[in-house]
$ cat data_29.json   # JSON, C-alpha atoms
[["chain", "number", "residue", "atom", "x", "y", "z"],
["A", 14, "MET", "CA", 0.00, 0.00, 0.00],
["A", 15, "GLU", "CA", 2.82, 2.35, 0.94],
["A", 16, "LYS", "CA", 4.62, 1.46, -2.30],
["A", 17, "LYS", "CA", 1.53, 2.32, -4.35],
["A", 18, "LEU", "CA", 1.21, 5.61, -2.47],
["A", 19, "GLU", "CA", 4.85, 6.40, -3.16],
["A", 20, "ILE", "CA", 4.35, 5.60, -6.85],
["A", 21, "TRP", "CA", 1.22, 7.79, -6.97],
["A", 22, "ILE", "CA", 3.04, 10.67, -5.25],
["A", 23, "SER", "CA", 5.96, 10.23, -7.63],
["A", 24, "HIS", "CA", 3.65, 10.37, -10.65],
["A", 25, "LEU", "CA", 1.84, 13.38, -9.19],
["A", 26, "TRP", "CA", 5.14, 15.17, -8.58],
["A", 27, "THR", "CA", 6.27, 14.38, -12.11],
["A", 28, "TRP", "CA", 2.98, 15.64, -13.54],
["A", 29, "MET", "CA", 3.03, 18.77, -11.35],
["A", 30, "SER", "CA", 6.62, 19.55, -12.30],
["A", 31, "THR", "CA", 5.78, 19.33, -16.00],
["A", 32, "HIS", "CA", 2.11, 19.72, -16.92],
["A", 33, "GLY", "CA", 1.15, 21.39, -13.64],
["A", 34, "LEU", "CA", 3.90, 23.96, -14.01],
["A", 35, "LEU", "CA", 2.77, 24.68, -17.55],
["A", 36, "ILE", "CA", -0.86, 25.09, -16.43],
["A", 37, "PHE", "CA", 0.24, 27.51, -13.71],
["A", 38, "THR", "CA", 2.31, 29.37, -16.31],
["A", 39, "TYR", "CA", -0.67, 29.57, -18.70],
["A", 40, "ILE", "CA", -2.91, 30.97, -15.96],
["A", 41, "PHE", "CA", -0.27, 33.48, -14.90],
["A", 42, "VAL", "CA", 0.29, 34.58, -18.51],
["A", 43, "GLY", "CA", -3.48, 34.94, -18.97],
["A", 44, "TRP", "CA", -3.74, 37.04, -15.82],
["A", 45, "LEU", "CA", -0.77, 39.18, -16.89],
["A", 46, "LEU", "CA", -2.19, 39.67, -20.40],
["A", 47, "ASN", "CA", -5.52, 40.77, -18.97],
["A", 48, "LYS", "CA", -3.71, 43.38, -16.92],
["A", 49, "LEU", "CA", -1.80, 44.62, -19.95],
["A", 50, "ILE", "CA", -4.67, 44.41, -22.45],
["A", 51, "HIS", "CA", -6.55, 47.41, -21.07],
["A", 52, "ARG", "CA", -3.45, 49.62, -21.16],
["A", 53, "PHE", "CA", -2.55, 48.44, -24.66],
["A", 54, "VAL", "CA", -6.07, 48.87, -26.04],
["A", 55, "ASP", "CA", -6.40, 52.24, -24.28],
["A", 56, "ARG", "CA", -3.26, 53.57, -25.95],
["A", 57, "ILE", "CA", -4.09, 52.19, -29.41],
["A", 58, "VAL", "CA", -7.68, 53.47, -29.42],
["A", 59, "ARG", "CA", -6.77, 56.96, -28.21],
["A", 60, "MET", "CA", -4.14, 57.16, -30.94],
["A", 61, "ALA", "CA", -6.48, 55.81, -33.64],
["A", 62, "VAL", "CA", -9.62, 57.84, -32.92],
["A", 63, "ILE", "CA", -9.50, 61.18, -34.69],
["A", 64, "GLY", "CA", -12.20, 63.77, -34.06],
["A", 65, "ASP", "CA", -13.64, 66.21, -36.56],
["A", 66, "LYS", "CA", -14.71, 69.85, -36.35],
["A", 67, "TYR", "CA", -18.18, 68.88, -35.12],
["A", 68, "THR", "CA", -16.90, 66.65, -32.31],
["A", 69, "THR", "CA", -16.25, 68.16, -28.89],
["A", 70, "LYS", "CA", -13.47, 66.90, -26.65],
["A", 71, "GLU", "CA", -16.04, 65.36, -24.30],
["A", 72, "ALA", "CA", -17.75, 63.51, -27.16],
["A", 73, "GLU", "CA", -14.41, 62.24, -28.41],
["A", 74, "ILE", "CA", -13.54, 60.90, -24.95],
["A", 75, "LYS", "CA", -16.94, 59.16, -24.74],
["A", 76, "ARG", "CA", -16.35, 57.42, -28.05],
["A", 77, "GLU", "CA", -12.83, 56.38, -27.02],
["A", 78, "ASN", "CA", -14.06, 54.97, -23.69],
["A", 79, "THR", "CA", -16.78, 52.99, -25.47],
["A", 80, "LEU", "CA", -14.34, 51.47, -27.98],
["A", 81, "ILE", "CA", -11.83, 50.71, -25.22],
["A", 82, "GLU", "CA", -14.42, 48.78, -23.21],
["A", 83, "ILE", "CA", -15.64, 46.82, -26.24],
["A", 84, "PHE", "CA", -12.18, 45.84, -27.51],
["A", 85, "THR", "CA", -10.92, 45.04, -24.01],
["A", 86, "TRP", "CA", -13.91, 42.77, -23.37],
["A", 87, "ALA", "CA", -13.54, 40.96, -26.70],
["A", 88, "THR", "CA", -9.76, 40.55, -26.38],
["A", 89, "ARG", "CA", -10.02, 39.15, -22.86],
["A", 90, "ILE", "CA", -12.52, 36.53, -24.03],
["A", 91, "ILE", "CA", -10.12, 35.45, -26.81],
["A", 92, "VAL", "CA", -7.22, 35.23, -24.33],
["A", 93, "TRP", "CA", -9.11, 33.13, -21.77],
["A", 94, "VAL", "CA", -10.61, 30.79, -24.38],
["A", 95, "THR", "CA", -7.10, 30.19, -25.75],
["A", 96, "ILE", "CA", -5.71, 29.58, -22.24],
["A", 97, "PHE", "CA", -8.56, 27.17, -21.51],
["A", 98, "MET", "CA", -7.82, 25.16, -24.67],
["A", 99, "MET", "CA", -4.11, 24.96, -23.77],
["A", 100, "ILE", "CA", -4.96, 23.76, -20.25],
["A", 101, "LEU", "CA", -7.20, 21.03, -21.68],
["A", 102, "GLN", "CA", -4.26, 19.76, -23.72],
["A", 103, "GLU", "CA", -2.12, 19.51, -20.56],
["A", 104, "PHE", "CA", -4.82, 17.31, -19.03],
["A", 105, "GLY", "CA", -4.54, 15.05, -22.05],
["A", 106, "ILE", "CA", -7.81, 16.15, -23.60],
["A", 107, "PRO", "CA", -7.42, 16.71, -27.38],
["A", 108, "ILE", "CA", -8.95, 20.04, -28.33],
["A", 109, "GLY", "CA", -9.89, 18.90, -31.85],
["A", 110, "PRO", "CA", -12.88, 16.82, -30.70],
["A", 111, "VAL", "CA", -13.79, 19.58, -28.23],
["A", 112, "ILE", "CA", -13.96, 22.11, -31.04],
["A", 113, "ALA", "CA", -15.93, 19.65, -33.19],
["A", 114, "SER", "CA", -18.31, 18.98, -30.30],
["A", 115, "ALA", "CA", -18.77, 22.70, -29.84],
["A", 116, "GLY", "CA", -19.68, 22.93, -33.52],
["A", 117, "ILE", "CA", -22.25, 20.15, -33.18],
["A", 118, "ILE", "CA", -23.74, 21.79, -30.09],
["A", 119, "GLY", "CA", -23.80, 25.05, -31.98],
["A", 120, "LEU", "CA", -25.78, 23.42, -34.77],
["A", 121, "ALA", "CA", -28.14, 21.86, -32.25],
["A", 122, "PHE", "CA", -28.85, 25.24, -30.74],
["A", 123, "GLY", "CA", -28.66, 27.05, -34.06],
["A", 124, "PHE", "CA", -32.17, 28.44, -33.82],
["A", 125, "GLY", "CA", -31.37, 30.21, -30.57],
["A", 126, "GLY", "CA", -27.85, 31.01, -31.71],
["A", 127, "GLN", "CA", -29.07, 33.03, -34.67],
["A", 128, "TYR", "CA", -30.38, 35.66, -32.26],
["A", 129, "LEU", "CA", -26.99, 35.82, -30.57],
["A", 130, "ILE", "CA", -25.25, 36.24, -33.93],
["A", 131, "ARG", "CA", -27.77, 38.94, -34.89],
["A", 132, "ASP", "CA", -27.05, 40.76, -31.61],
["A", 133, "LEU", "CA", -23.28, 40.58, -32.21],
["A", 134, "ILE", "CA", -23.45, 41.78, -35.82],
["A", 135, "THR", "CA", -25.82, 44.65, -34.98],
["A", 136, "GLY", "CA", -23.66, 45.61, -32.02],
["A", 137, "PHE", "CA", -20.58, 45.69, -34.23],
["A", 138, "PHE", "CA", -22.20, 48.16, -36.64],
["A", 139, "LEU", "CA", -23.62, 50.28, -33.80],
["A", 140, "ILE", "CA", -20.09, 50.72, -32.49],
["A", 141, "LEU", "CA", -18.50, 51.11, -35.92],
["A", 142, "GLU", "CA", -20.98, 53.84, -36.91],
["A", 143, "ASN", "CA", -20.61, 55.58, -33.54],
["A", 144, "GLN", "CA", -24.38, 55.86, -33.11],
["A", 145, "TYR", "CA", -24.04, 56.34, -29.36],
["A", 146, "ARG", "CA", -21.40, 56.09, -26.66],
["A", 147, "ILE", "CA", -21.10, 55.41, -22.94],
["A", 148, "GLY", "CA", -22.49, 58.45, -21.10],
["A", 149, "ASP", "CA", -24.89, 59.51, -23.88],
["A", 150, "PHE", "CA", -28.58, 60.10, -23.15],
["A", 151, "VAL", "CA", -30.51, 58.08, -25.71],
["A", 152, "TYR", "CA", -33.98, 56.83, -26.64],
["A", 153, "ILE", "CA", -33.94, 53.19, -27.76],
["A", 154, "ASN", "CA", -37.20, 51.53, -28.77],
["A", 155, "GLY", "CA", -39.16, 53.89, -26.53],
["A", 156, "VAL", "CA", -36.83, 53.43, -23.52],
["A", 157, "LYS", "CA", -34.81, 56.48, -22.50],
["A", 158, "GLY", "CA", -31.80, 56.70, -20.24],
["A", 159, "THR", "CA", -28.07, 57.17, -19.93],
["A", 160, "VAL", "CA", -25.84, 54.56, -21.57],
["A", 161, "GLU", "CA", -23.90, 52.84, -18.78],
["A", 162, "LYS", "CA", -22.35, 49.96, -20.68],
["A", 163, "ILE", "CA", -22.06, 48.65, -24.24],
["A", 164, "SER", "CA", -20.99, 45.13, -25.12],
["A", 165, "LEU", "CA", -21.13, 43.45, -28.51],
["A", 166, "ARG", "CA", -24.40, 41.79, -27.47],
["A", 167, "LEU", "CA", -26.38, 44.38, -25.53],
["A", 168, "THR", "CA", -26.61, 47.96, -24.29],
["A", 169, "THR", "CA", -27.27, 48.86, -20.65],
["A", 170, "LEU", "CA", -29.35, 51.97, -19.95],
["A", 171, "ARG", "CA", -30.20, 53.60, -16.61],
["A", 172, "ASP", "CA", -33.26, 55.86, -16.62],
["A", 173, "SER", "CA", -34.00, 58.90, -14.41],
["A", 174, "ASP", "CA", -35.65, 56.65, -11.78],
["A", 175, "GLY", "CA", -32.48, 54.58, -11.49],
["A", 176, "THR", "CA", -33.99, 51.55, -13.23],
["A", 177, "VAL", "CA", -31.51, 49.61, -15.39],
["A", 178, "HIS", "CA", -32.65, 48.40, -18.83],
["A", 179, "TYR", "CA", -30.79, 45.69, -20.79],
["A", 180, "ILE", "CA", -31.47, 45.94, -24.52],
["A", 181, "PRO", "CA", -30.13, 43.25, -26.92],
["A", 182, "HIS", "CA", -28.70, 44.89, -30.01],
["A", 183, "GLY", "CA", -30.70, 42.65, -32.31],
["A", 184, "GLU", "CA", -33.92, 44.15, -30.90],
["A", 185, "ILE", "CA", -32.90, 47.76, -31.58],
["A", 186, "THR", "CA", -34.84, 49.35, -34.43],
["A", 187, "ILE", "CA", -34.69, 53.09, -33.66],
["A", 188, "VAL", "CA", -32.01, 55.01, -31.74],
["A", 189, "SER", "CA", -32.41, 58.70, -30.87],
["A", 190, "ASN", "CA", -29.29, 60.27, -29.38],
["A", 191, "ALA", "CA", -29.79, 63.47, -27.37],
["A", 192, "ALA", "CA", -26.05, 63.86, -26.76],
["A", 193, "LYS", "CA", -24.61, 63.87, -30.28],
["A", 194, "ASP", "CA", -22.55, 66.92, -31.29],
["A", 195, "PHE", "CA", -24.99, 69.64, -30.12],
["A", 196, "ALA", "CA", -28.55, 70.24, -28.88],
["A", 197, "ASN", "CA", -31.25, 72.88, -29.35],
["A", 198, "VAL", "CA", -33.18, 75.09, -27.01],
["A", 199, "ASN", "CA", -36.54, 74.83, -28.72],
["A", 200, "PHE", "CA", -39.86, 75.59, -27.07],
["A", 201, "ASP", "CA", -43.09, 77.55, -27.51],
["A", 202, "ILE", "CA", -44.52, 80.06, -25.08],
["A", 203, "GLY", "CA", -47.96, 81.64, -25.04],
["A", 204, "VAL", "CA", -48.76, 85.31, -24.36],
["A", 205, "ALA", "CA", -51.99, 87.25, -24.23],
["A", 206, "TYR", "CA", -53.52, 88.61, -27.45],
["A", 207, "ASP", "CA", -53.15, 92.24, -26.32],
["A", 208, "THR", "CA", -49.36, 91.85, -25.96],
["A", 209, "ASP", "CA", -47.14, 94.36, -27.77],
["A", 210, "ILE", "CA", -45.26, 92.00, -30.13],
["A", 211, "ASP", "CA", -42.30, 94.36, -30.61],
["A", 212, "LEU", "CA", -41.90, 94.64, -26.85],
["A", 213, "LEU", "CA", -42.20, 90.85, -26.53],
["A", 214, "ILE", "CA", -39.45, 90.26, -29.12],
["A", 215, "SER", "CA", -37.21, 92.82, -27.41],
["A", 216, "VAL", "CA", -37.65, 91.23, -23.97],
["A", 217, "ILE", "CA", -37.06, 87.68, -25.22],
["A", 218, "ASN", "CA", -33.89, 88.62, -27.11],
["A", 219, "GLU", "CA", -32.58, 90.69, -24.20],
["A", 220, "VAL", "CA", -33.08, 87.81, -21.77],
["A", 221, "GLY", "CA", -31.32, 85.45, -24.19],
["A", 222, "GLU", "CA", -28.36, 87.83, -24.47],
["A", 223, "GLU", "CA", -28.13, 88.15, -20.69],
["A", 224, "LEU", "CA", -28.12, 84.40, -20.33],
["A", 225, "LYS", "CA", -25.38, 84.07, -22.97],
["A", 226, "ARG", "CA", -23.24, 86.60, -21.06],
["A", 227, "ASP", "CA", -23.69, 84.75, -17.77],
["A", 228, "LYS", "CA", -20.39, 83.26, -16.62],
["A", 229, "LYS", "CA", -21.92, 79.84, -15.89],
["A", 230, "PHE", "CA", -24.08, 79.47, -19.00],
["A", 231, "SER", "CA", -21.77, 81.12, -21.55],
["A", 232, "LYS", "CA", -19.78, 77.88, -21.76],
["A", 233, "LEU", "CA", -22.94, 75.88, -22.47],
["A", 234, "ILE", "CA", -24.60, 78.11, -25.08],
["A", 235, "THR", "CA", -23.25, 78.05, -28.64],
["A", 236, "GLU", "CA", -26.06, 80.12, -30.23],
["A", 237, "THR", "CA", -27.99, 82.69, -28.21],
["A", 238, "PRO", "CA", -31.67, 81.79, -27.62],
["A", 239, "THR", "CA", -33.82, 84.33, -29.48],
["A", 240, "PHE", "CA", -37.33, 84.95, -30.74],
["A", 241, "LEU", "CA", -37.81, 82.91, -33.91],
["A", 242, "ARG", "CA", -41.38, 83.45, -35.08],
["A", 243, "ILE", "CA", -45.05, 83.58, -34.15],
["A", 244, "GLN", "CA", -45.86, 79.89, -34.15],
["A", 245, "ASP", "CA", -49.62, 79.86, -33.86],
["A", 246, "PHE", "CA", -52.77, 81.75, -32.92],
["A", 247, "ALA", "CA", -54.27, 79.53, -30.25],
["A", 248, "ASP", "CA", -57.68, 79.85, -28.63],
["A", 249, "SER", "CA", -56.48, 82.05, -25.79],
["A", 250, "ALA", "CA", -52.88, 82.90, -26.64],
["A", 251, "ILE", "CA", -50.37, 83.94, -29.26],
["A", 252, "MET", "CA", -47.79, 81.13, -29.40],
["A", 253, "VAL", "CA", -44.23, 82.25, -30.12],
["A", 254, "LYS", "CA", -41.21, 80.00, -30.71],
["A", 255, "ILE", "CA", -37.83, 80.53, -29.03],
["A", 256, "GLN", "CA", -34.75, 78.75, -30.33],
["A", 257, "GLY", "CA", -31.04, 78.55, -29.59],
["A", 258, "GLU", "CA", -28.20, 76.03, -29.54],
["A", 259, "THR", "CA", -26.23, 74.46, -26.69],
["A", 260, "LEU", "CA", -23.63, 71.82, -26.07],
["A", 261, "ALA", "CA", -24.96, 68.28, -26.03],
["A", 262, "LEU", "CA", -26.88, 67.40, -22.85],
["A", 263, "SER", "CA", -26.98, 71.06, -21.74],
["A", 264, "GLN", "CA", -30.31, 71.89, -23.37],
["A", 265, "TRP", "CA", -32.46, 71.05, -20.35],
["A", 266, "GLU", "CA", -30.40, 73.11, -17.92],
["A", 267, "VAL", "CA", -30.28, 76.10, -20.25],
["A", 268, "THR", "CA", -33.98, 75.88, -21.14],
["A", 269, "GLY", "CA", -34.98, 75.72, -17.47],
["A", 270, "GLU", "CA", -32.95, 78.80, -16.59],
["A", 271, "LEU", "CA", -34.23, 80.66, -19.65],
["A", 272, "ARG", "CA", -37.84, 79.99, -18.65],
["A", 273, "ARG", "CA", -37.16, 81.25, -15.13],
["A", 274, "ARG", "CA", -35.62, 84.47, -16.40],
["A", 275, "LEU", "CA", -38.38, 85.00, -18.95],
["A", 276, "LYS", "CA", -41.03, 84.77, -16.22],
["A", 277, "ILE", "CA", -39.26, 87.45, -14.19],
["A", 278, "ALA", "CA", -38.73, 89.68, -17.25],
["A", 279, "PHE", "CA", -42.35, 89.29, -18.41],
["A", 280, "ASP", "CA", -43.64, 90.30, -14.99],
["A", 281, "LYS", "CA", -41.49, 93.44, -15.04],
["A", 282, "ALA", "CA", -42.55, 94.34, -18.60],
["A", 283, "GLY", "CA", -46.23, 93.71, -17.93],
["A", 284, "ILE", "CA", -46.44, 90.86, -20.44],
["A", 285, "GLU", "CA", -49.17, 88.49, -19.34],
["A", 286, "PHE", "CA", -49.45, 84.76, -19.70],
["A", 287, "PRO", "CA", -52.97, 84.01, -20.91],
["A", 288, "TYR", "CA", -55.66, 82.24, -18.97],
["A", 289, "PRO", "CA", -58.28, 80.11, -20.67],
["A", 290, "GLN", "CA", -61.06, 82.44, -21.73],
["A", 291, "LEU", "CA", -64.66, 81.77, -22.59],
["A", 292, "VAL", "CA", -66.83, 84.41, -24.22],
["A", 293, "VAL", "CA", -70.48, 84.12, -23.23],
["A", 294, "HIS", "CA", -73.13, 85.85, -25.32],
["A", 295, "GLU", "CA", -76.40, 86.57, -23.58],
["A", 296, "ALA", "CA", -79.43, 85.94, -25.73],
["A", 297, "PRO", "CA", -81.74, 88.98, -26.07],
["A", 298, "LYS", "CA", -84.79, 88.87, -23.89],
["A", 299, "SER", "CA", -88.03, 88.30, -25.73],
["A", 300, "LYS", "CA", -90.68, 90.95, -25.34],
["A", 301, "GLU", "CA", -93.66, 89.99, -23.23],
["A", 302, "PRO", "CA", -96.93, 89.98, -25.23],
["A", 303, "THR", "CA", -99.22, 92.90, -24.41],
["A", 304, "SER", "CA", -102.76, 92.18, -23.33]]

$ encode --input "data_29.json" --output "structure tokens"
Amino acid sequence: MEKKLEIWISHLWTWMSTHGLLIFTYIFVGWLLNKLIHRFVDRIVRMAVIGDKYTTKEAEIKRENTLIEIFTWATRIIVWVTIFMMILQEFGIPIGPVIASAGIIGLAFGFGGQYLIRDLITGFFLILENQYRIGDFVYINGVKGTVEKISLRLTTLRDSDGTVHYIPHGEITIVSNAAKDFANVNFDIGVAYDTDIDLLISVINEVGEELKRDKKFSKLITETPTFLRIQDFADSAIMVKIQGETLALSQWEVTGELRRRLKIAFDKAGIEFPYPQLVVHEAPKSKEPTS
């Protein structure tokens, strides 16, 4: 019994000193490569991505971060799959039949796999075409939120309530990006019908100029918000359109502040916001018949 134990220990030591050492080396190399991959991909992507005149520095960084995460994720998968195959060989398992078996399993689950392939292909083109990036505020298939993560298979959104949405790329049909290049201040406001239009235009433009000169908002506004046109004659109000241009994702902050300042300026200028009005006509009284 002791002799068998000694033989078993001897074989184990021999295996550990050869195959075991190689397995440890493979795992260490895989770990080391994963540490170096992010730095390598980071440097390559930041050198390769070239912005244009419409791309801000922030937008360029968003695109770079998105590409870095995607390529890092894909490269790490390739590294660990390769390491796994090499470890199988050290255990005496030929990888040829394993690969063939994987192909057979893939065929068996081909119906489900076609959705995975569709997700991967769509994800590749979404990234290649730079439709959106990590940090962008987007609308995807009616779901809106900030992009937290993008893989080749799905996009992760977090909405204003904090809810996380996972959207497979193959299910994406329409993408609306509110953070691409620039955004517009674009809203209508109603005033009473007896408003002096020239005074109204003057007040709106003056408030827009003041906002553009503000130290905080001057960095966010690229085109001063101004009176654009009379948009409509509504039932109880004259609707006028105000429009300007801001940096991406700054439109809500600028619009909110502009509305606040317009309310104060309108009150000072005596410009009234209309109330719903109803004109009532009294029917003439019929004459009483004389006796």

$ residues_around --input "data_29.json" --residues "Leu224 of chain A" --least-positions-apart "4" --cutoff "12 Å" --atoms "only C-alpha atoms" --output "list of chain:residue names"
A:Ile217, A:Asn218, A:Glu219, A:Val220, A:Lys228, A:Lys229, A:Phe230, A:Ser231, A:Lys232, A:Leu233, A:Ile234, A:Thr235, A:Glu236, A:Thr237, A:Pro238, A:Thr239, A:Gly257, A:Thr259, A:Glu266, A:Val267, A:Thr268, A:Gly269, A:Glu270, A:Leu271, A:Arg272, A:Arg273, A:Arg274, A:Leu275

$ atom_distance --input "data_29.json" --atom1 "atom CA of Val293 of chain A" --atom2 "atom CA of Thr208 of chain A"
22.7 Å

$ atom_distance --input "data_29.json" --atom1 "atom CA of Gly158 of chain A" --atom2 "atom CA of Leu133 of chain A"
21.8 Å

$ atom_distance --input "data_29.json" --atom1 "atom CA of Phe41 of chain A" --atom2 "atom CA of Ser164 of chain A"
25.9 Å

$ closest_residue --input "data_29.json" --among "A:Leu101, A:Leu80, A:Leu213, A:Ile90" --to "Ile140 of chain A" --atoms "all atoms listed in the file"
A:Leu80

$ closest_residue --input "data_29.json" --among "A:Ile40, A:Glu142, A:Ile50, A:Ile147" --to "Ile74 of chain A" --atoms "only C-alpha atoms"
A:Ile147
